[in-house]
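**Q** Sharing work.cif, mmCIF, C-alpha atoms:
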data_query
#
loop_
_atom_site.group_PDB
_atom_site.id
_atom_site.type_symbol
_atom_site.label_atom_id
_atom_site.label_comp_id
_atom_site.auth_asym_id
_atom_site.auth_seq_id
_atom_site.Cartn_x
_atom_site.Cartn_y
_atom_site.Cartn_z
ATOM 1 C CA MET G 1 -23.577 -8.968 -20.474
ATOM 2 C CA ASN G 2 -22.908 -5.790 -22.393
ATOM 3 C CA ASN G 3 -20.140 -3.458 -21.230
ATOM 4 C CA ASN G 4 -22.461 -1.342 -19.083
ATOM 5 C CA GLU G 5 -23.714 -4.455 -17.310
ATOM 6 C CA ARG G 6 -20.150 -5.700 -16.817
ATOM 7 C CA ARG G 7 -19.173 -2.334 -15.307
ATOM 8 C CA THR G 8 -22.169 -2.349 -12.964
ATOM 9 C CA LYS G 9 -21.541 -5.924 -11.845
ATOM 10 C CA GLY G 10 -17.801 -5.354 -11.533
ATOM 11 C CA LEU G 11 -18.213 -2.323 -9.297
ATOM 12 C CA GLU G 12 -20.751 -4.193 -7.204
ATOM 13 C CA LEU G 13 -18.333 -7.099 -6.631
ATOM 14 C CA LEU G 14 -15.348 -4.808 -6.035
ATOM 15 C CA SER G 15 -17.385 -2.949 -3.416
ATOM 16 C CA LYS G 16 -18.381 -6.181 -1.716
ATOM 17 C CA VAL G 17 -14.890 -7.681 -1.627
ATOM 18 C CA ASN G 18 -13.266 -4.444 -0.459
ATOM 19 C CA ASN G 19 -16.118 -3.341 1.828
ATOM 20 C CA LYS G 20 -16.073 0.114 0.228
ATOM 21 C CA SER G 21 -18.605 2.225 -1.647
ATOM 22 C CA GLU G 22 -18.453 2.361 -5.432
ATOM 23 C CA ASP G 23 -17.219 5.967 -5.206
ATOM 24 C CA GLU G 24 -14.412 4.838 -2.902
ATOM 25 C CA ILE G 25 -13.527 2.054 -5.350
ATOM 26 C CA MET G 26 -13.276 4.511 -8.244
ATOM 27 C CA LYS G 27 -11.115 6.804 -6.131
ATOM 28 C CA MET G 28 -8.915 3.827 -5.130
ATOM 29 C CA LEU G 29 -8.350 2.975 -8.802
ATOM 30 C CA SER G 30 -7.919 6.570 -9.959
ATOM 31 C CA PHE G 31 -4.122 6.435 -9.580
ATOM 32 C CA ILE G 32 -4.010 4.236 -12.693
ATOM 33 C CA SER G 33 -6.014 6.604 -14.927
ATOM 34 C CA PRO G 34 -3.256 9.087 -15.825
ATOM 35 C CA VAL G 35 -1.200 6.211 -17.228
ATOM 36 C CA SER G 36 -3.844 3.806 -18.509
ATOM 37 C CA ASP G 37 -7.520 4.413 -17.971
ATOM 38 C CA ASP G 38 -8.163 1.219 -19.923
ATOM 39 C CA LEU G 39 -6.348 -0.842 -17.276
ATOM 40 C CA LYS G 40 -8.681 0.553 -14.641
ATOM 41 C CA ASN G 41 -11.654 -0.369 -16.828
ATOM 42 C CA TYR G 42 -10.370 -3.906 -17.436
ATOM 43 C CA ILE G 43 -9.858 -4.431 -13.696
ATOM 44 C CA ILE G 44 -13.505 -3.561 -13.129
ATOM 45 C CA ASP G 45 -15.058 -5.099 -16.232
ATOM 46 C CA TYR G 46 -13.033 -8.286 -16.717
ATOM 47 C CA SER G 47 -11.588 -9.172 -13.306
ATOM 48 C CA PHE G 48 -14.764 -8.494 -11.386
ATOM 49 C CA GLY G 49 -17.535 -8.046 -13.961
ATOM 50 C CA ASP G 50 -16.689 -11.209 -15.901
ATOM 51 C CA ILE G 51 -14.758 -13.441 -13.476
ATOM 52 C CA TYR G 52 -15.726 -12.600 -9.903
ATOM 53 C CA SER G 53 -19.395 -12.413 -10.850
ATOM 54 C CA ARG G 54 -19.417 -16.077 -11.876
ATOM 55 C CA THR G 55 -21.336 -18.263 -9.432
ATOM 56 C CA GLY G 56 -19.421 -21.551 -9.729
ATOM 57 C CA LEU G 57 -17.268 -20.764 -6.676
ATOM 58 C CA ASP G 58 -18.314 -18.715 -3.640
ATOM 59 C CA LEU G 59 -16.549 -15.460 -2.812
ATOM 60 C CA LYS G 60 -14.885 -16.828 0.333
ATOM 61 C CA SER G 61 -13.302 -19.626 -1.690
ATOM 62 C CA LYS G 62 -12.235 -17.202 -4.423
ATOM 63 C CA GLU G 63 -10.440 -14.954 -1.961
ATOM 64 C CA ILE G 64 -8.741 -17.938 -0.291
ATOM 65 C CA ALA G 65 -7.539 -18.997 -3.748
ATOM 66 C CA VAL G 66 -6.249 -15.492 -4.499
ATOM 67 C CA VAL G 67 -4.408 -15.117 -1.177
ATOM 68 C CA ALA G 68 -2.747 -18.499 -1.771
ATOM 69 C CA ALA G 69 -1.813 -17.658 -5.363
ATOM 70 C CA MET G 70 -0.373 -14.242 -4.477
ATOM 71 C CA THR G 71 1.589 -15.717 -1.592
ATOM 72 C CA ALA G 72 3.009 -18.341 -3.938
ATOM 73 C CA LEU G 73 3.912 -15.770 -6.604
ATOM 74 C CA GLY G 74 5.623 -13.649 -3.972
ATOM 75 C CA ASN G 75 5.858 -10.417 -5.947
ATOM 76 C CA CYS G 76 2.602 -8.556 -5.403
ATOM 77 C CA THR G 77 2.589 -7.228 -1.819
ATOM 78 C CA PRO G 78 0.112 -4.320 -2.263
ATOM 79 C CA GLN G 79 -2.421 -6.561 -4.006
ATOM 80 C CA LEU G 80 -1.902 -9.347 -1.469
ATOM 81 C CA LYS G 81 -2.751 -6.945 1.348
ATOM 82 C CA ILE G 82 -5.928 -5.896 -0.470
ATOM 83 C CA HIS G 83 -6.991 -9.508 -0.855
ATOM 84 C CA ILE G 84 -6.137 -10.440 2.724
ATOM 85 C CA ALA G 85 -8.627 -7.744 3.714
ATOM 86 C CA GLY G 86 -10.937 -9.066 0.988
ATOM 87 C CA ALA G 87 -10.775 -12.555 2.489
ATOM 88 C CA LEU G 88 -11.861 -11.113 5.834
ATOM 89 C CA ASN G 89 -14.698 -9.236 4.110
ATOM 90 C CA THR G 90 -15.980 -12.374 2.383
ATOM 91 C CA GLY G 91 -16.218 -14.648 5.403
ATOM 92 C CA SER G 92 -12.759 -15.985 6.239
ATOM 93 C CA SER G 93 -11.620 -15.709 9.844
ATOM 94 C CA ALA G 94 -8.253 -14.236 10.753
ATOM 95 C CA GLU G 95 -7.130 -17.731 11.756
ATOM 96 C CA GLU G 96 -8.142 -19.215 8.398
ATOM 97 C CA ILE G 97 -6.123 -16.622 6.471
ATOM 98 C CA VAL G 98 -3.085 -17.284 8.654
ATOM 99 C CA GLU G 99 -3.541 -20.961 7.849
ATOM 100 C CA VAL G 100 -3.743 -20.402 4.073
ATOM 101 C CA ILE G 101 -0.447 -18.512 4.142
ATOM 102 C CA LEU G 102 1.182 -20.994 6.522
ATOM 103 C CA GLN G 103 0.296 -23.842 4.163
ATOM 104 C CA MET G 104 2.153 -22.099 1.343
ATOM 105 C CA CYS G 105 5.512 -22.725 3.034
ATOM 106 C CA ALA G 106 5.214 -26.292 1.739
ATOM 107 C CA TYR G 107 4.473 -25.228 -1.850
ATOM 108 C CA ALA G 108 6.225 -21.905 -2.404
ATOM 109 C CA GLY G 109 8.944 -21.991 0.256
ATOM 110 C CA PHE G 110 9.505 -20.278 3.581
ATOM 111 C CA PRO G 111 10.750 -16.897 2.239
ATOM 112 C CA ARG G 112 7.492 -16.229 0.370
ATOM 113 C CA CYS G 113 5.490 -17.484 3.322
ATOM 114 C CA ILE G 114 7.388 -15.152 5.670
ATOM 115 C CA ASN G 115 6.869 -12.153 3.367
ATOM 116 C CA ALA G 116 3.154 -12.885 3.118
ATOM 117 C CA MET G 117 2.886 -13.203 6.910
ATOM 118 C CA ILE G 118 4.508 -9.775 7.236
ATOM 119 C CA SER G 119 1.866 -8.377 4.869
ATOM 120 C CA LEU G 120 -0.864 -10.106 6.861
ATOM 121 C CA LYS G 121 0.525 -8.666 10.105
ATOM 122 C CA GLU G 122 0.390 -5.162 8.604
ATOM 123 C CA VAL G 123 -3.234 -5.655 7.508
ATOM 124 C CA PHE G 124 -4.194 -6.939 10.951
ATOM 125 C CA GLU G 125 -2.515 -3.937 12.555
ATOM 126 C CA GLU G 126 -4.294 -1.511 10.208
ATOM 127 C CA LEU G 127 -7.664 -3.150 10.927
ATOM 128 C CA LYS G 128 -6.876 -3.557 14.650
ATOM 129 C CA ILE G 129 -7.404 -7.307 14.455
ATOM 130 C CA THR G 130 -5.898 -9.451 17.169
ATOM 131 C CA ASN G 131 -5.244 -12.916 15.876
ATOM 132 C CA GLN G 132 -6.218 -15.389 18.558
ATOM 133 C CA LEU G 133 -4.444 -18.340 16.976
ATOM 134 C CA SER G 134 -2.240 -20.005 19.574
ATOM 135 C CA SER G 135 0.494 -22.569 19.109
ATOM 136 C CA GLU G 136 -1.807 -25.365 20.292
ATOM 137 C CA SER G 137 -1.846 -26.905 16.794
ATOM 138 C CA TYR G 138 1.908 -27.440 16.973
ATOM 139 C CA ASP G 139 2.671 -30.356 19.268
ATOM 140 C CA THR G 140 6.235 -29.960 20.491
ATOM 141 C CA ASN G 141 6.122 -33.443 22.013
ATOM 142 C CA ALA G 142 5.083 -35.247 18.817
ATOM 143 C CA SER G 143 7.589 -37.882 17.735
ATOM 144 C CA GLY G 144 8.644 -38.533 14.153
ATOM 145 C CA ASN G 145 6.590 -41.724 14.153
ATOM 146 C CA GLU G 146 3.469 -39.859 15.311
ATOM 147 C CA ARG G 147 3.947 -37.168 12.685
ATOM 148 C CA MET G 148 4.544 -39.809 10.005
ATOM 149 C CA LYS G 149 1.383 -41.679 11.015
ATOM 150 C CA LYS G 150 -0.700 -38.472 10.905
ATOM 151 C CA GLY G 151 0.801 -37.600 7.533
ATOM 152 C CA GLU G 152 0.021 -41.014 6.105
ATOM 153 C CA ILE G 153 -3.599 -40.707 7.256
ATOM 154 C CA GLU G 154 -3.945 -37.264 5.655
ATOM 155 C CA LEU G 155 -2.334 -38.366 2.403
ATOM 156 C CA ASN G 156 -4.410 -41.535 2.219
ATOM 157 C CA ASN G 157 -7.561 -39.470 2.689
ATOM 158 C CA LEU G 158 -6.584 -37.374 -0.325
ATOM 159 C CA PHE G 159 -5.384 -40.188 -2.590
ATOM 160 C CA PRO G 160 -4.898 -43.718 -1.243
ATOM 161 C CA SER G 161 -2.075 -44.812 -3.572
ATOM 162 C CA GLN G 162 0.017 -41.635 -3.282
ATOM 163 C CA ILE G 163 2.387 -42.944 -0.605
ATOM 164 C CA ASN G 164 3.315 -45.871 -2.857
ATOM 165 C CA ILE G 165 3.781 -43.487 -5.781
ATOM 166 C CA LEU G 166 6.101 -41.284 -3.701
ATOM 167 C CA ASN G 167 8.142 -44.291 -2.601
ATOM 168 C CA ASP G 168 8.349 -45.649 -6.160
ATOM 169 C CA THR G 169 9.358 -42.346 -7.762
ATOM 170 C CA LEU G 170 11.492 -40.753 -5.047
ATOM 171 C CA GLY G 171 12.242 -43.419 -2.459
ATOM 172 C CA LYS G 172 15.366 -44.836 -4.092
ATOM 173 C CA ILE G 173 16.810 -41.407 -4.860
ATOM 174 C CA SER G 174 15.878 -39.533 -1.684
ATOM 175 C CA PRO G 175 13.971 -41.465 0.969
ATOM 176 C CA ASP G 176 14.460 -38.497 3.282
ATOM 177 C CA LEU G 177 12.488 -36.275 0.897
ATOM 178 C CA VAL G 178 9.586 -38.746 0.989
ATOM 179 C CA LYS G 179 9.824 -38.748 4.786
ATOM 180 C CA PHE G 180 9.753 -34.941 4.988
ATOM 181 C CA ILE G 181 6.875 -34.642 2.512
ATOM 182 C CA ILE G 182 4.741 -36.970 4.607
ATOM 183 C CA GLU G 183 5.893 -35.855 8.068
ATOM 184 C CA PHE G 184 5.968 -32.111 7.478
ATOM 185 C CA GLY G 185 3.719 -31.468 4.479
ATOM 186 C CA TYR G 186 0.919 -33.719 5.704
ATOM 187 C CA GLY G 187 1.672 -34.660 9.323
ATOM 188 C CA ASP G 188 2.439 -31.104 10.433
ATOM 189 C CA ILE G 189 0.570 -28.911 7.933
ATOM 190 C CA TYR G 190 -2.411 -30.742 6.418
ATOM 191 C CA SER G 191 -3.419 -32.297 9.728
ATOM 192 C CA ARG G 192 -4.143 -28.900 11.257
ATOM 193 C CA ASN G 193 -7.889 -28.443 11.737
ATOM 194 C CA ILE G 194 -8.188 -24.668 11.351
ATOM 195 C CA LEU G 195 -8.851 -24.761 7.604
ATOM 196 C CA SER G 196 -11.316 -27.133 5.938
ATOM 197 C CA LYS G 197 -9.988 -29.871 3.655
ATOM 198 C CA LYS G 198 -11.892 -28.272 0.768
ATOM 199 C CA HIS G 199 -10.269 -24.885 1.296
ATOM 200 C CA ARG G 200 -6.827 -26.485 1.685
ATOM 201 C CA GLN G 201 -7.190 -28.027 -1.766
ATOM 202 C CA ILE G 202 -8.554 -24.799 -3.268
ATOM 203 C CA ALA G 203 -5.522 -22.932 -1.880
ATOM 204 C CA THR G 204 -3.078 -25.572 -3.122
ATOM 205 C CA ILE G 205 -4.598 -25.841 -6.612
ATOM 206 C CA ALA G 206 -4.593 -22.054 -6.975
ATOM 207 C CA ALA G 207 -0.971 -21.747 -5.812
ATOM 208 C CA LEU G 208 0.339 -24.519 -8.054
ATOM 209 C CA SER G 209 -1.590 -23.123 -11.028
ATOM 210 C CA ALA G 210 -0.236 -19.630 -10.413
ATOM 211 C CA MET G 211 3.387 -20.797 -10.098
ATOM 212 C CA GLY G 212 3.077 -22.821 -13.295
ATOM 213 C CA ASN G 213 6.125 -25.008 -12.650
ATOM 214 C CA ALA G 214 4.671 -28.066 -10.931
ATOM 215 C CA SER G 215 2.344 -29.802 -13.376
ATOM 216 C CA SER G 216 2.540 -33.282 -11.831
ATOM 217 C CA GLN G 217 1.832 -31.907 -8.356
ATOM 218 C CA LEU G 218 -1.054 -29.841 -9.749
ATOM 219 C CA ILE G 219 -2.528 -32.954 -11.351
ATOM 220 C CA PHE G 220 -2.233 -34.816 -8.038
ATOM 221 C CA HIS G 221 -3.990 -32.050 -6.108
ATOM 222 C CA ILE G 222 -6.758 -31.793 -8.692
ATOM 223 C CA LYS G 223 -7.332 -35.538 -8.165
ATOM 224 C CA ALA G 224 -7.189 -35.019 -4.410
ATOM 225 C CA GLY G 225 -9.617 -32.110 -4.619
ATOM 226 C CA LEU G 226 -12.109 -34.235 -6.523
ATOM 227 C CA ASN G 227 -11.642 -37.044 -3.990
ATOM 228 C CA ILE G 228 -12.530 -34.830 -1.017
ATOM 229 C CA GLY G 229 -15.587 -33.243 -2.624
ATOM 230 C CA LEU G 230 -14.569 -30.435 -4.962
ATOM 231 C CA THR G 231 -16.362 -30.539 -8.310
ATOM 232 C CA SER G 232 -14.709 -30.172 -11.692
ATOM 233 C CA ASP G 233 -16.749 -26.983 -12.162
ATOM 234 C CA GLU G 234 -15.291 -25.502 -8.973
ATOM 235 C CA ILE G 235 -11.757 -26.373 -10.094
ATOM 236 C CA ASN G 236 -12.509 -24.837 -13.489
ATOM 237 C CA GLU G 237 -13.486 -21.623 -11.680
ATOM 238 C CA ILE G 238 -10.137 -21.593 -9.860
ATOM 239 C CA MET G 239 -8.354 -21.744 -13.224
ATOM 240 C CA LEU G 240 -10.484 -18.936 -14.660
ATOM 241 C CA LEU G 241 -9.684 -16.873 -11.575
ATOM 242 C CA MET G 242 -5.980 -17.451 -12.196
ATOM 243 C CA SER G 243 -6.338 -15.742 -15.596
ATOM 244 C CA VAL G 244 -6.693 -12.537 -13.573
ATOM 245 C CA PHE G 245 -3.971 -13.104 -11.015
ATOM 246 C CA ALA G 246 -1.363 -15.203 -12.850
ATOM 247 C CA GLY G 247 -2.263 -14.632 -16.517
ATOM 248 C CA PHE G 248 -3.865 -16.662 -19.273
ATOM 249 C CA PRO G 249 -0.899 -19.057 -19.740
ATOM 250 C CA ALA G 250 -1.289 -20.179 -16.111
ATOM 251 C CA ALA G 251 -5.047 -20.554 -16.583
ATOM 252 C CA ILE G 252 -4.597 -22.529 -19.818
ATOM 253 C CA ASN G 253 -2.043 -24.873 -18.249
ATOM 254 C CA GLY G 254 -4.350 -25.335 -15.280
ATOM 255 C CA ILE G 255 -7.259 -26.247 -17.552
ATOM 256 C CA PHE G 256 -5.029 -28.749 -19.384
ATOM 257 C CA ALA G 257 -4.161 -30.337 -16.019
ATOM 258 C CA LEU G 258 -7.863 -30.580 -15.154
ATOM 259 C CA LYS G 259 -8.596 -32.078 -18.592
ATOM 260 C CA ASN G 260 -5.816 -34.618 -18.075
ATOM 261 C CA VAL G 261 -7.386 -35.762 -14.807
ATOM 262 C CA LEU G 262 -10.940 -35.912 -16.184
ATOM 263 C CA ASP G 263 -9.868 -37.746 -19.355
ATOM 264 C CA ASN G 264 -8.139 -40.415 -17.284
ATOM 265 C CA MET G 265 -11.188 -40.841 -15.075
ATOM 266 C CA SER G 266 -13.560 -41.541 -17.963
#
Take the structure from the file and write it as structure tokens.
**A**
Amino acid sequence: MNNNERRTKGLELLSKVNNKSEDEIMKMLSFISPVSDDLKNYIIDYSFGDIYSRTGLDLKSKEIAVVAAMTALGNCTPQLKIHIAGALNTGSSAEEIVEVILQMCAYAGFPRCINAMISLKEVFEELKITNQLSSESYDTNASGNERMKKGEIELNNLFPSQINILNDTLGKISPDLVKFIIEFGYGDIYSRNILSKKHRQIATIAALSAMGNASSQLIFHIKAGLNIGLTSDEINEIMLLMSVFAGFPAAINGIFALKNVLDNMS
């Protein structure tokens, strides 16, 4: 595409994600122009004209990835709110977005999860959305053994040998950490049925790529994503998307992690 085509496509995608007219989009971005008109142009032309216009990953999945990544980064509240609304505009339900953010407590910590939930609450209030999600997914009567069993099932579905790997690498140092990973991370969180397994892996891969400090966990979740039906092309698209939201170093490291997995599969 030439620059005019990139601008046209970028405005079209920005309008679709934000559910606004192109004139409204230009007005929304006008605050940047007095300082750097080029930044406004790059947002339109690169972020949306080049990256969002790619067809390897659907828009719903892209916005789920972005909400997860921004939650994990924890320092971009205005943009997170825009993309929470964008996730609604591209097909995610209110319950699914809650679930994406809830899942991030296991990968980015509770403080960032709490802050993102506050942003989500503000968006819901602005849009007059009543989230119907109840506490039915949280079983207050579940025992540790039941949670452990559910976690083991979830983890085995992602990667059958991972429980043994966790026990071998962490079990002698901190068996309690292994227990909490399986019971909470997989028994409590991954076993919830509100978000598809595919979208859980998209969210996790995006978050770990954006944070850039968990290469072994990223490699595991790339393997898990491939095991539950993601394609290498779809994972590649997540990494390209991260060039916009976490920078090129994060995207490059993510591509190296994907290459590592694919090289070891061949």
**Q** For this structure, which residues satisfy the selection - the PyMOL selection byres ((chain G and resi 262) around 12) - when it is evaluated on the file as given? I want them as a count of residues only.
**A** 21
**Q** What does the PyMOL selection byres ((chain G and resi 106-109) around 8) select in this file, as number ranges by chain?
**A** G: 71-73, 103-105, 110-113, 185, 204, 207-208
**Q** Can I get the selection written as a PDB file, keeping the file's coordinate frame, with C-alpha atoms?
**A**
ATOM      1  CA  THR G  71       1.589 -15.717  -1.592  1.00  0.00           C
ATOM      2  CA  ALA G  72       3.009 -18.341  -3.938  1.00  0.00           C
ATOM      3  CA  LEU G  73       3.912 -15.770  -6.604  1.00  0.00           C
ATOM      4  CA  GLN G 103       0.296 -23.842   4.163  1.00  0.00           C
ATOM      5  CA  MET G 104       2.153 -22.099   1.343  1.00  0.00           C
ATOM      6  CA  CYS G 105       5.512 -22.725   3.034  1.00  0.00           C
ATOM      7  CA  PHE G 110       9.505 -20.278   3.581  1.00  0.00           C
ATOM      8  CA  PRO G 111      10.750 -16.897   2.239  1.00  0.00           C
ATOM      9  CA  ARG G 112       7.492 -16.229   0.370  1.00  0.00           C
ATOM     10  CA  CYS G 113       5.490 -17.484   3.322  1.00  0.00           C
ATOM     11  CA  GLY G 185       3.719 -31.468   4.479  1.00  0.00           C
ATOM     12  CA  THR G 204      -3.078 -25.572  -3.122  1.00  0.00           C
ATOM     13  CA  ALA G 207      -0.971 -21.747  -5.812  1.00  0.00           C
ATOM     14  CA  LEU G 208       0.339 -24.519  -8.054  1.00  0.00           C
TER      15      LEU G 208
END
**Q** Do you know which residues are at most 8 Å from Lys198 in chain G counting all atoms listed in the file, after dropping those on the same chain fewer than 5 positions away, and could you put them as a VMD selection string?
**A** chain G and resid 225 228 to 230
**Q** Carefully work through the PyMOL selection byres ((chain G and resi 246) around 9) for this structure and note down the residues it includes, as a ChimeraX atom specification.
**A** /G:69-70,73,209-212,241-245,247-251
**Q** Go through G:Thr77, G:Ser15, G:Thr8, G:Ser33 and flag the residue nearest Gly49 in chain G, using all atoms listed in the file for the distances.
**A**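 Of G:Thr77, G:Ser15, G:Thr8, G:Ser33, the one nearest Gly49 in chain G, counting all atoms listed in the file, is G:Thr8.
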**Q** Any idea what the distance is between CA of Thr90 in chain G and CA of Lys60 in chain G?
**A**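 Taking CA of Thr90 in chain G and CA of Lys60 in chain G, their separation equals 5.0 Å.
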**Q** Near Asn145 in chain G, within 10 Å and counting all atoms listed in the file, which residues show up once chain neighbours fewer than 5 positions away are dropped, as a ChimeraX atom specification?
**A** /G:150-151,183,187
**Q** In Å to one decimal, how far is CA of Ser215 in chain G from CA of Gly144 in chain G?
**A**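 About the pair CA of Gly144 in chain G and CA of Ser215 in chain G: they are 29.6 Å apart.
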**Q** Give as a PyMOL selection string every residue, naming chains and numbers as the document does, that has an atom within 10 Å of (-9.6, -23.9, 4.4), counting all atoms listed in the file.
**A** chain G and resi 60-61+64-65+92+95-97+99-100+103+193-203
**Q** Would you export the selected residues with C-alpha atoms as a PDB file, in the coordinates of the input, please?
**A**
ATOM      1  CA  LYS G  60     -14.885 -16.828   0.333  1.00  0.00           C
ATOM      2  CA  SER G  61     -13.302 -19.626  -1.690  1.00  0.00           C
ATOM      3  CA  ILE G  64      -8.741 -17.938  -0.291  1.00  0.00           C
ATOM      4  CA  ALA G  65      -7.539 -18.997  -3.748  1.00  0.00           C
ATOM      5  CA  SER G  92     -12.759 -15.985   6.239  1.00  0.00           C
ATOM      6  CA  GLU G  95      -7.130 -17.731  11.756  1.00  0.00           C
ATOM      7  CA  GLU G  96      -8.142 -19.215   8.398  1.00  0.00           C
ATOM      8  CA  ILE G  97      -6.123 -16.622   6.471  1.00  0.00           C
ATOM      9  CA  GLU G  99      -3.541 -20.961   7.849  1.00  0.00           C
ATOM     10  CA  VAL G 100      -3.743 -20.402   4.073  1.00  0.00           C
ATOM     11  CA  GLN G 103       0.296 -23.842   4.163  1.00  0.00           C
ATOM     12  CA  ASN G 193      -7.889 -28.443  11.737  1.00  0.00           C
ATOM     13  CA  ILE G 194      -8.188 -24.668  11.351  1.00  0.00           C
ATOM     14  CA  LEU G 195      -8.851 -24.761   7.604  1.00  0.00           C
ATOM     15  CA  SER G 196     -11.316 -27.133   5.938  1.00  0.00           C
ATOM     16  CA  LYS G 197      -9.988 -29.871   3.655  1.00  0.00           C
ATOM     17  CA  LYS G 198     -11.892 -28.272   0.768  1.00  0.00           C
ATOM     18  CA  HIS G 199     -10.269 -24.885   1.296  1.00  0.00           C
ATOM     19  CA  ARG G 200      -6.827 -26.485   1.685  1.00  0.00           C
ATOM     20  CA  GLN G 201      -7.190 -28.027  -1.766  1.00  0.00           C
ATOM     21  CA  ILE G 202      -8.554 -24.799  -3.268  1.00  0.00           C
ATOM     22  CA  ALA G 203      -5.522 -22.932  -1.880  1.00  0.00           C
TER      23      ALA G 203
END
**Q** Export N, CA, C and O atoms of range 168-180 of chain G from the structure just given, as a CSV table (one decimal), in the first residue's frame?
**A**
chain,number,residue,atom,x,y,z
G,168,ASP,N,9.7,-31.0,38.6
G,168,ASP,CA,11.1,-31.1,38.4
G,168,ASP,C,11.9,-29.8,38.7
G,168,ASP,O,13.0,-29.8,39.3
G,169,THR,N,11.3,-28.7,38.2
G,169,THR,CA,12.1,-27.5,38.2
G,169,THR,C,11.8,-26.7,39.5
G,169,THR,O,12.7,-26.0,40.0
G,170,LEU,N,10.6,-26.8,40.0
G,170,LEU,CA,10.2,-26.0,41.2
G,170,LEU,C,9.9,-26.8,42.5
G,170,LEU,O,9.9,-26.3,43.6
G,171,GLY,N,9.6,-28.1,42.3
G,171,GLY,CA,9.0,-28.9,43.4
G,171,GLY,C,9.9,-29.0,44.6
G,171,GLY,O,9.5,-28.9,45.7
G,172,LYS,N,11.2,-29.1,44.3
G,172,LYS,CA,12.2,-29.3,45.5
G,172,LYS,C,12.4,-27.9,46.2
G,172,LYS,O,12.8,-27.9,47.4
G,173,ILE,N,12.3,-26.8,45.4
G,173,ILE,CA,12.6,-25.5,46.0
G,173,ILE,C,11.3,-25.0,46.7
G,173,ILE,O,11.4,-24.5,47.8
G,174,SER,N,10.2,-25.1,46.0
G,174,SER,CA,8.9,-24.5,46.5
G,174,SER,C,7.7,-25.3,46.0
G,174,SER,O,7.1,-24.9,45.1
G,175,PRO,N,7.5,-26.5,46.7
G,175,PRO,CA,6.3,-27.3,46.3
G,175,PRO,C,5.0,-26.5,46.4
G,175,PRO,O,4.0,-26.7,45.7
G,176,ASP,N,5.0,-25.5,47.4
G,176,ASP,CA,3.8,-24.7,47.5
G,176,ASP,C,3.5,-23.9,46.3
G,176,ASP,O,2.3,-23.7,45.9
G,177,LEU,N,4.6,-23.4,45.7
G,177,LEU,CA,4.4,-22.6,44.4
G,177,LEU,C,3.8,-23.4,43.3
G,177,LEU,O,2.8,-23.0,42.6
G,178,VAL,N,4.3,-24.6,43.2
G,178,VAL,CA,3.7,-25.6,42.2
G,178,VAL,C,2.2,-25.8,42.5
G,178,VAL,O,1.4,-25.7,41.6
G,179,LYS,N,1.9,-26.0,43.8
G,179,LYS,CA,0.5,-26.2,44.2
G,179,LYS,C,-0.4,-25.0,43.8
G,179,LYS,O,-1.5,-25.2,43.3
G,180,PHE,N,0.1,-23.8,44.1
G,180,PHE,CA,-0.7,-22.6,43.8
G,180,PHE,C,-0.8,-22.4,42.3
G,180,PHE,O,-1.9,-21.9,41.9
